[in-house]
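Visitor: Here it is: the structure, laid out below.
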Amino acid sequence: MKIFGKALCLAFVIAVLLNFTGFTAGCEQIPSQVLRLHVLANSDTQEDQSLKLKVRDRILQESSGMLDDVHNRNEAEKAVRQRLPLLKEAAQNEIEKQGYDYPVQAKLAKTYFTTRTYGDVTLPAGEYDALEITIGSGKGHNWWCVIFPQLCLPAAQDKKQLEDVLNPTELKIVRDGGGYQIKFKTVEYYEQLKQWLEQR
């Protein structure tokens, strides 16, 4: 019965995706070219959410110039990996400065994100690599942005733009997010179903 259920789900997904083949293919390539920053609060209390934003600001400040000479996602990941101990130390320092004793983790992680909008950019659901800063238990609402290409980091004039790392189809997808809401939702269901099937 379990195999039949999986087969039925897969058949449904394939049928739906056939209608959105080009769009889905474009969405699936975007996560491999983007590196995100993900800051997770200890909890949803007002104090912990406020602390999250202080830590976010400190991380952005400490990351200034970190990716100025980076040309692709792999180079960005390498630069972040080398800076991890300093970023963790900066986050811990900010937490203590604000009067808290939460532990902090800083790591590169593959994380599932639902469809999210940042400014005028909409990123489709999927698994993205992210610089993940976890404060305490990390159970609170999170904050995220894109650090490669550098949409939220202070950087030199020659920083990489979305136009430099995404092809025209992918660029149209992220720039015209509002016009693709139903398609984005379909991709999100597809990604969630993929995750569910992988866990069975």
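As shown in the structure tokens, the chain order sets the letters A, B, ...; within each chain, residues go from 1, and ligands are also counted from 1 in the order they appear.
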Write out as a CSV table (one decimal) with N, CA and C atoms, in the first residue's frame the residues lying within 6 Å of segment 102-112 of chain A, counting only C-alpha atoms and excluding same-chain residues fewer than 3 positions away.
Guide:
```csv
chain,number,residue,atom,x,y,z
A,88,LYS,N,31.2,33.4,14.1
A,88,LYS,CA,30.7,32.8,15.3
A,88,LYS,C,31.1,33.6,16.5
A,126,GLY,N,12.9,25.3,-2.2
A,126,GLY,CA,14.0,24.3,-2.5
A,126,GLY,C,15.0,24.3,-1.4
A,127,GLU,N,16.0,23.4,-1.6
A,127,GLU,CA,17.1,23.3,-0.7
A,127,GLU,C,18.2,24.2,-1.1
A,128,TYR,N,18.6,25.1,-0.2
A,128,TYR,CA,19.6,26.1,-0.5
A,128,TYR,C,20.8,25.9,0.5
A,129,ASP,N,22.0,26.2,0.0
A,129,ASP,CA,23.1,26.3,1.0
A,129,ASP,C,23.0,27.7,1.7
A,130,ALA,N,23.3,27.7,3.0
A,130,ALA,CA,23.2,28.9,3.7
A,130,ALA,C,24.2,29.0,4.8
A,131,LEU,N,24.7,30.2,5.1
A,131,LEU,CA,25.4,30.5,6.3
A,131,LEU,C,24.4,30.6,7.4
A,132,GLU,N,24.4,29.6,8.3
A,132,GLU,CA,23.3,29.5,9.3
A,132,GLU,C,23.9,29.9,10.7
A,133,ILE,N,23.3,30.9,11.2
A,133,ILE,CA,23.6,31.4,12.6
A,133,ILE,C,22.5,31.1,13.5
A,134,THR,N,22.7,30.1,14.4
A,134,THR,CA,21.6,29.7,15.3
A,134,THR,C,21.9,30.2,16.7
A,135,ILE,N,21.0,31.0,17.3
A,135,ILE,CA,21.1,31.5,18.6
A,135,ILE,C,20.3,30.6,19.6
A,136,GLY,N,21.0,30.1,20.6
A,136,GLY,CA,20.4,29.3,21.6
A,136,GLY,C,19.7,28.1,21.0
```
Visitor: Quick one: pick out all alpha helix (DSSP H) residues within segment 68-133 of chain A from a backbone DSSP run and write them as JSON, numbers by chain.
Guide: {"A": [73, 74, 75, 76, 77, 78, 79, 80, 81, 82, 83, 84, 85, 86, 87, 88, 89, 90, 91, 92, 93, 94, 95, 96, 97]}
Visitor: With only C-alpha atoms as the basis for distance, which of A:Glu62, A:Leu53, A:Gln29, A:Ala125 is at the shortest distance from Arg83 of chain A?
Guide: A:Glu62
Visitor: What's around Trp144 of chain A at 12 Å? Count only C-alpha atoms, leave out sequence neighbours fewer than 3 positions away in its own chain, and write the answer as an mmCIF file with all heavy atoms, in the first residue's frame.
Guide:
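Saved as result-v6.cif:
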```cif
data_model
loop_
_atom_site.group_PDB
_atom_site.id
_atom_site.type_symbol
_atom_site.label_atom_id
_atom_site.label_comp_id
_atom_site.auth_asym_id
_atom_site.auth_seq_id
_atom_site.Cartn_x
_atom_site.Cartn_y
_atom_site.Cartn_z
ATOM 1 N N LEU A 35 23.774 31.710 -2.440
ATOM 2 C CA LEU A 35 24.149 31.397 -1.059
ATOM 3 C C LEU A 35 23.392 32.344 -0.145
ATOM 4 O O LEU A 35 23.399 33.560 -0.354
ATOM 5 C CB LEU A 35 25.661 31.559 -0.864
ATOM 6 C CG LEU A 35 26.237 31.138 0.488
ATOM 7 C CD1 LEU A 35 26.019 29.649 0.742
ATOM 8 C CD2 LEU A 35 27.719 31.470 0.568
ATOM 9 N N ARG A 36 22.714 31.784 0.843
ATOM 10 C CA ARG A 36 21.857 32.591 1.701
ATOM 11 C C ARG A 36 22.457 32.752 3.093
ATOM 12 O O ARG A 36 23.309 31.971 3.511
ATOM 13 C CB ARG A 36 20.475 31.925 1.808
ATOM 14 C CG ARG A 36 19.773 31.877 0.456
ATOM 15 C CD ARG A 36 18.557 30.987 0.438
ATOM 16 N NE ARG A 36 17.373 31.618 0.985
ATOM 17 C CZ ARG A 36 16.144 31.407 0.530
ATOM 18 N NH1 ARG A 36 15.932 30.577 -0.467
ATOM 19 N NH2 ARG A 36 15.110 31.995 1.081
ATOM 20 N N LEU A 37 21.986 33.778 3.802
ATOM 21 C CA LEU A 37 22.289 33.975 5.214
ATOM 22 C C LEU A 37 20.999 33.715 5.971
ATOM 23 O O LEU A 37 19.936 34.224 5.597
ATOM 24 C CB LEU A 37 22.776 35.402 5.474
ATOM 25 C CG LEU A 37 22.902 35.832 6.944
ATOM 26 C CD1 LEU A 37 23.896 34.954 7.696
ATOM 27 C CD2 LEU A 37 23.308 37.299 7.036
ATOM 28 N N HIS A 38 21.093 32.920 7.031
ATOM 29 C CA HIS A 38 19.911 32.469 7.764
ATOM 30 C C HIS A 38 20.209 32.646 9.255
ATOM 31 O O HIS A 38 21.119 32.015 9.788
ATOM 32 C CB HIS A 38 19.699 30.985 7.428
ATOM 33 C CG HIS A 38 18.378 30.441 7.816
ATOM 34 N ND1 HIS A 38 18.164 29.102 8.029
ATOM 35 C CD2 HIS A 38 17.178 31.031 8.020
ATOM 36 C CE1 HIS A 38 16.904 28.896 8.353
ATOM 37 N NE2 HIS A 38 16.290 30.049 8.350
ATOM 38 N N VAL A 39 19.499 33.542 9.917
ATOM 39 C CA VAL A 39 19.703 33.788 11.350
ATOM 40 C C VAL A 39 18.466 33.299 12.093
ATOM 41 O O VAL A 39 17.356 33.788 11.854
ATOM 42 C CB VAL A 39 19.955 35.283 11.653
ATOM 43 C CG1 VAL A 39 20.238 35.480 13.142
ATOM 44 C CG2 VAL A 39 21.109 35.818 10.808
ATOM 45 N N LEU A 40 18.658 32.323 12.999
ATOM 46 C CA LEU A 40 17.545 31.722 13.740
ATOM 47 C C LEU A 40 17.547 32.206 15.182
ATOM 48 O O LEU A 40 18.549 32.069 15.891
ATOM 49 C CB LEU A 40 17.643 30.200 13.719
ATOM 50 C CG LEU A 40 17.444 29.535 12.355
ATOM 51 C CD1 LEU A 40 18.764 29.426 11.613
ATOM 52 C CD2 LEU A 40 16.850 28.162 12.518
ATOM 53 N N ALA A 41 16.425 32.779 15.606
ATOM 54 C CA ALA A 41 16.294 33.294 16.974
ATOM 55 C C ALA A 41 16.107 32.147 17.964
ATOM 56 O O ALA A 41 15.634 31.062 17.605
ATOM 57 C CB ALA A 41 15.103 34.244 17.055
ATOM 58 N N LYS A 52 17.908 38.683 17.851
ATOM 59 C CA LYS A 52 18.187 38.121 16.520
ATOM 60 C C LYS A 52 18.600 39.226 15.549
ATOM 61 O O LYS A 52 19.558 39.073 14.787
ATOM 62 C CB LYS A 52 16.950 37.397 15.995
ATOM 63 C CG LYS A 52 17.046 36.924 14.549
ATOM 64 C CD LYS A 52 15.692 36.477 14.002
ATOM 65 C CE LYS A 52 14.770 37.646 13.736
ATOM 66 N NZ LYS A 52 13.464 37.245 13.163
ATOM 67 N N LEU A 53 17.879 40.332 15.579
ATOM 68 C CA LEU A 53 18.172 41.432 14.656
ATOM 69 C C LEU A 53 19.499 42.112 14.989
ATOM 70 O O LEU A 53 20.220 42.548 14.095
ATOM 71 C CB LEU A 53 17.019 42.448 14.671
ATOM 72 C CG LEU A 53 15.673 41.892 14.205
ATOM 73 C CD1 LEU A 53 14.588 42.963 14.280
ATOM 74 C CD2 LEU A 53 15.757 41.324 12.788
ATOM 75 N N ARG A 56 22.029 39.752 13.646
ATOM 76 C CA ARG A 56 22.024 39.910 12.182
ATOM 77 C C ARG A 56 22.863 41.116 11.765
ATOM 78 O O ARG A 56 23.723 41.017 10.880
ATOM 79 C CB ARG A 56 20.586 40.096 11.690
ATOM 80 C CG ARG A 56 20.497 40.500 10.226
ATOM 81 C CD ARG A 56 19.205 41.208 9.904
ATOM 82 N NE ARG A 56 19.112 42.516 10.545
ATOM 83 C CZ ARG A 56 18.040 43.288 10.513
ATOM 84 N NH1 ARG A 56 16.941 42.873 9.901
ATOM 85 N NH2 ARG A 56 18.032 44.460 11.118
ATOM 86 N N ASP A 57 22.632 42.256 12.422
ATOM 87 C CA ASP A 57 23.363 43.475 12.071
ATOM 88 C C ASP A 57 24.863 43.301 12.281
ATOM 89 O O ASP A 57 25.675 43.765 11.478
ATOM 90 C CB ASP A 57 22.850 44.661 12.893
ATOM 91 C CG ASP A 57 21.424 45.059 12.518
ATOM 92 O OD1 ASP A 57 20.946 44.615 11.443
ATOM 93 O OD2 ASP A 57 20.789 45.793 13.297
ATOM 94 N N ILE A 59 26.552 40.431 12.196
ATOM 95 C CA ILE A 59 27.055 39.514 11.168
ATOM 96 C C ILE A 59 27.240 40.254 9.841
ATOM 97 O O ILE A 59 28.256 40.086 9.152
ATOM 98 C CB ILE A 59 26.113 38.300 10.986
ATOM 99 C CG1 ILE A 59 26.137 37.406 12.229
ATOM 100 C CG2 ILE A 59 26.474 37.493 9.740
ATOM 101 C CD1 ILE A 59 27.473 36.753 12.528
ATOM 102 N N LEU A 60 26.276 41.075 9.473
ATOM 103 C CA LEU A 60 26.386 41.845 8.232
ATOM 104 C C LEU A 60 27.571 42.801 8.292
ATOM 105 O O LEU A 60 28.313 42.970 7.322
ATOM 106 C CB LEU A 60 25.091 42.611 7.957
ATOM 107 C CG LEU A 60 23.870 41.749 7.615
ATOM 108 C CD1 LEU A 60 22.617 42.607 7.463
ATOM 109 C CD2 LEU A 60 24.111 40.934 6.349
ATOM 110 N N THR A 111 19.595 23.886 3.677
ATOM 111 C CA THR A 111 18.340 24.132 4.376
ATOM 112 C C THR A 111 17.193 24.273 3.383
ATOM 113 O O THR A 111 17.352 24.923 2.349
ATOM 114 C CB THR A 111 18.446 25.438 5.204
ATOM 115 O OG1 THR A 111 19.566 25.338 6.083
ATOM 116 C CG2 THR A 111 17.194 25.687 6.015
ATOM 117 N N PHE A 113 13.916 25.921 2.160
ATOM 118 C CA PHE A 113 13.181 27.166 2.297
ATOM 119 C C PHE A 113 11.913 27.086 1.451
ATOM 120 O O PHE A 113 11.944 26.568 0.333
ATOM 121 C CB PHE A 113 13.998 28.356 1.785
ATOM 122 C CG PHE A 113 15.162 28.743 2.647
ATOM 123 C CD1 PHE A 113 16.409 28.169 2.462
ATOM 124 C CD2 PHE A 113 15.028 29.705 3.637
ATOM 125 C CE1 PHE A 113 17.495 28.535 3.240
ATOM 126 C CE2 PHE A 113 16.101 30.085 4.421
ATOM 127 C CZ PHE A 113 17.347 29.497 4.226
ATOM 128 N N THR A 114 10.818 27.615 1.971
ATOM 129 C CA THR A 114 9.619 27.791 1.150
ATOM 130 C C THR A 114 9.878 28.989 0.231
ATOM 131 O O THR A 114 10.909 29.655 0.348
ATOM 132 C CB THR A 114 8.386 28.062 2.032
ATOM 133 O OG1 THR A 114 8.661 29.205 2.853
ATOM 134 C CG2 THR A 114 8.071 26.865 2.911
ATOM 135 N N ARG A 116 10.201 32.504 -0.884
ATOM 136 C CA ARG A 116 10.392 33.696 -0.062
ATOM 137 C C ARG A 116 10.700 34.897 -0.949
ATOM 138 O O ARG A 116 11.378 34.769 -1.966
ATOM 139 C CB ARG A 116 11.568 33.522 0.911
ATOM 140 C CG ARG A 116 11.474 32.326 1.846
ATOM 141 C CD ARG A 116 10.708 32.654 3.105
ATOM 142 N NE ARG A 116 10.710 31.544 4.030
ATOM 143 C CZ ARG A 116 11.512 31.450 5.084
ATOM 144 N NH1 ARG A 116 12.398 32.376 5.319
ATOM 145 N NH2 ARG A 116 11.426 30.412 5.903
ATOM 146 N N THR A 117 10.258 36.063 -0.520
ATOM 147 C CA THR A 117 10.538 37.299 -1.250
ATOM 148 C C THR A 117 11.444 38.178 -0.412
ATOM 149 O O THR A 117 11.221 38.360 0.787
ATOM 150 C CB THR A 117 9.228 38.046 -1.572
ATOM 151 O OG1 THR A 117 8.423 37.202 -2.406
ATOM 152 C CG2 THR A 117 9.497 39.350 -2.313
ATOM 153 N N TYR A 118 12.484 38.718 -1.053
ATOM 154 C CA TYR A 118 13.414 39.642 -0.401
ATOM 155 C C TYR A 118 13.515 40.866 -1.299
ATOM 156 O O TYR A 118 14.061 40.792 -2.395
ATOM 157 C CB TYR A 118 14.783 38.980 -0.230
ATOM 158 C CG TYR A 118 15.813 39.866 0.437
ATOM 159 C CD1 TYR A 118 15.800 40.049 1.815
ATOM 160 C CD2 TYR A 118 16.780 40.522 -0.307
ATOM 161 C CE1 TYR A 118 16.731 40.870 2.428
ATOM 162 C CE2 TYR A 118 17.717 41.342 0.301
ATOM 163 C CZ TYR A 118 17.690 41.507 1.665
ATOM 164 O OH TYR A 118 18.606 42.325 2.275
ATOM 165 N N GLY A 119 12.924 41.983 -0.865
ATOM 166 C CA GLY A 119 12.899 43.165 -1.716
ATOM 167 C C GLY A 119 12.096 42.865 -2.983
ATOM 168 O O GLY A 119 10.957 42.429 -2.927
ATOM 169 N N LEU A 123 12.543 34.073 -4.409
ATOM 170 C CA LEU A 123 13.277 32.823 -4.619
ATOM 171 C C LEU A 123 12.323 31.644 -4.453
ATOM 172 O O LEU A 123 11.575 31.578 -3.479
ATOM 173 C CB LEU A 123 14.432 32.701 -3.629
ATOM 174 C CG LEU A 123 15.560 33.717 -3.805
ATOM 175 C CD1 LEU A 123 16.645 33.488 -2.758
ATOM 176 C CD2 LEU A 123 16.163 33.656 -5.195
ATOM 177 N N TYR A 128 18.597 25.135 -0.231
ATOM 178 C CA TYR A 128 19.647 26.113 -0.504
ATOM 179 C C TYR A 128 20.785 25.930 0.486
ATOM 180 O O TYR A 128 20.563 25.575 1.645
ATOM 181 C CB TYR A 128 19.119 27.533 -0.335
ATOM 182 C CG TYR A 128 18.153 27.991 -1.395
ATOM 183 C CD1 TYR A 128 16.821 27.586 -1.368
ATOM 184 C CD2 TYR A 128 18.551 28.848 -2.409
ATOM 185 C CE1 TYR A 128 15.915 28.020 -2.339
ATOM 186 C CE2 TYR A 128 17.657 29.293 -3.386
ATOM 187 C CZ TYR A 128 16.348 28.875 -3.332
ATOM 188 O OH TYR A 128 15.456 29.305 -4.294
ATOM 189 N N ASP A 129 22.002 26.215 0.049
ATOM 190 C CA ASP A 129 23.120 26.310 0.979
ATOM 191 C C ASP A 129 23.028 27.663 1.655
ATOM 192 O O ASP A 129 22.719 28.676 1.009
ATOM 193 C CB ASP A 129 24.453 26.166 0.240
ATOM 194 C CG ASP A 129 24.693 24.729 -0.209
ATOM 195 O OD1 ASP A 129 24.545 23.824 0.630
ATOM 196 O OD2 ASP A 129 25.022 24.513 -1.381
ATOM 197 N N ALA A 130 23.288 27.673 2.960
ATOM 198 C CA ALA A 130 23.153 28.924 3.708
ATOM 199 C C ALA A 130 24.195 29.002 4.813
ATOM 200 O O ALA A 130 24.569 27.986 5.403
ATOM 201 C CB ALA A 130 21.755 29.023 4.326
ATOM 202 N N LEU A 131 24.659 30.225 5.072
ATOM 203 C CA LEU A 131 25.423 30.497 6.276
ATOM 204 C C LEU A 131 24.374 30.588 7.370
ATOM 205 O O LEU A 131 23.532 31.496 7.364
ATOM 206 C CB LEU A 131 26.190 31.815 6.137
ATOM 207 C CG LEU A 131 26.708 32.437 7.430
ATOM 208 C CD1 LEU A 131 27.638 31.480 8.180
ATOM 209 C CD2 LEU A 131 27.418 33.754 7.135
ATOM 210 N N GLU A 132 24.388 29.626 8.277
ATOM 211 C CA GLU A 132 23.331 29.516 9.288
ATOM 212 C C GLU A 132 23.877 29.918 10.654
ATOM 213 O O GLU A 132 24.822 29.317 11.150
ATOM 214 C CB GLU A 132 22.821 28.071 9.314
ATOM 215 C CG GLU A 132 21.502 27.899 10.011
ATOM 216 C CD GLU A 132 20.951 26.503 9.779
ATOM 217 O OE1 GLU A 132 21.304 25.598 10.548
ATOM 218 O OE2 GLU A 132 20.194 26.320 8.809
ATOM 219 N N ILE A 133 23.268 30.948 11.225
ATOM 220 C CA ILE A 133 23.621 31.417 12.571
ATOM 221 C C ILE A 133 22.455 31.059 13.484
ATOM 222 O O ILE A 133 21.350 31.579 13.325
ATOM 223 C CB ILE A 133 23.853 32.950 12.594
ATOM 224 C CG1 ILE A 133 24.856 33.394 11.521
ATOM 225 C CG2 ILE A 133 24.281 33.397 13.988
ATOM 226 C CD1 ILE A 133 26.266 32.919 11.717
ATOM 227 N N THR A 134 22.701 30.149 14.432
ATOM 228 C CA THR A 134 21.636 29.689 15.334
ATOM 229 C C THR A 134 21.906 30.209 16.739
ATOM 230 O O THR A 134 22.948 29.918 17.328
ATOM 231 C CB THR A 134 21.556 28.153 15.344
ATOM 232 O OG1 THR A 134 21.402 27.682 14.006
ATOM 233 C CG2 THR A 134 20.394 27.666 16.193
ATOM 234 N N HIS A 141 11.304 32.492 15.077
ATOM 235 C CA HIS A 141 11.242 32.885 13.677
ATOM 236 C C HIS A 141 12.610 33.367 13.219
ATOM 237 O O HIS A 141 13.351 33.993 13.973
ATOM 238 C CB HIS A 141 10.198 33.997 13.474
ATOM 239 C CG HIS A 141 8.807 33.467 13.353
ATOM 240 N ND1 HIS A 141 8.021 33.215 14.453
ATOM 241 C CD2 HIS A 141 8.078 33.121 12.266
ATOM 242 C CE1 HIS A 141 6.846 32.749 14.044
ATOM 243 N NE2 HIS A 141 6.855 32.666 12.722
ATOM 244 N N ILE A 147 23.445 36.332 0.387
ATOM 245 C CA ILE A 147 24.777 36.936 0.483
ATOM 246 C C ILE A 147 25.605 36.713 -0.786
ATOM 247 O O ILE A 147 26.588 37.399 -1.007
ATOM 248 C CB ILE A 147 25.551 36.464 1.733
ATOM 249 C CG1 ILE A 147 25.700 34.949 1.793
ATOM 250 C CG2 ILE A 147 24.910 36.998 2.993
ATOM 251 C CD1 ILE A 147 26.559 34.463 2.951
ATOM 252 N N LEU A 151 23.167 40.635 -2.127
ATOM 253 C CA LEU A 151 21.973 41.483 -2.042
ATOM 254 C C LEU A 151 21.858 42.178 -0.692
ATOM 255 O O LEU A 151 21.137 43.157 -0.553
ATOM 256 C CB LEU A 151 20.709 40.657 -2.292
ATOM 257 C CG LEU A 151 20.612 39.938 -3.633
ATOM 258 C CD1 LEU A 151 19.232 39.316 -3.803
ATOM 259 C CD2 LEU A 151 20.910 40.864 -4.791
ATOM 260 N N CYS A 152 22.564 41.658 0.329
ATOM 261 C CA CYS A 152 22.424 42.285 1.655
ATOM 262 C C CYS A 152 23.750 42.592 2.334
ATOM 263 O O CYS A 152 23.753 43.137 3.420
ATOM 264 C CB CYS A 152 21.558 41.422 2.569
ATOM 265 S SG CYS A 152 22.273 39.827 3.004
ATOM 266 N N LEU A 153 24.886 42.255 1.695
ATOM 267 C CA LEU A 153 26.178 42.574 2.308
ATOM 268 C C LEU A 153 26.722 43.882 1.771
ATOM 269 O O LEU A 153 26.631 44.140 0.572
ATOM 270 C CB LEU A 153 27.212 41.477 2.003
ATOM 271 C CG LEU A 153 27.009 40.099 2.624
ATOM 272 C CD1 LEU A 153 28.223 39.230 2.327
ATOM 273 C CD2 LEU A 153 26.787 40.181 4.115
#
```
Visitor: Looking at A:Ser137, A:Asn167, A:Gln82, A:Ser64, which one is nearest to Asp101 of chain A, with distances taken over only C-alpha atoms?
Guide: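 Residue with the minimum atom-to-atom distance to Asp101 of chain A: A:Ser137.
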Visitor: Write out as a PDB file with C-alpha atoms, in the first residue's frame each polymer residue whose atoms come within 7 Å of Ala91 of chain A, counting only C-alpha atoms; drop sequence neighbours fewer than 4 positions from it.
Guide:
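Writing the result to selection.pdb gives the following:
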```pdb
ATOM      1  CA  VAL A  55      23.079  39.568  15.830  1.00  0.00           C
ATOM      2  CA  ARG A  58      26.634  42.383  13.650  1.00  0.00           C
ATOM      3  CA  ILE A  59      27.055  39.514  11.168  1.00  0.00           C
ATOM      4  CA  LEU A  87      31.555  35.128  12.437  1.00  0.00           C
ATOM      5  CA  ILE A  95      24.828  38.126  22.397  1.00  0.00           C
TER       6      ILE A  95
END
```
Visitor: DSSP on the backbone: what in segment 21-163 of chain A comes out strand (DSSP E), as a PyMOL selection string?
Guide: chain A and resi 35-40+104-113+116-118+121-123+126-135+142-148
Visitor: Just the number, please: distance in Å from atom CA of Glu170 of chain A to atom CA of Ile30 of chain A, one decimal.
Guide: 6.7 Å
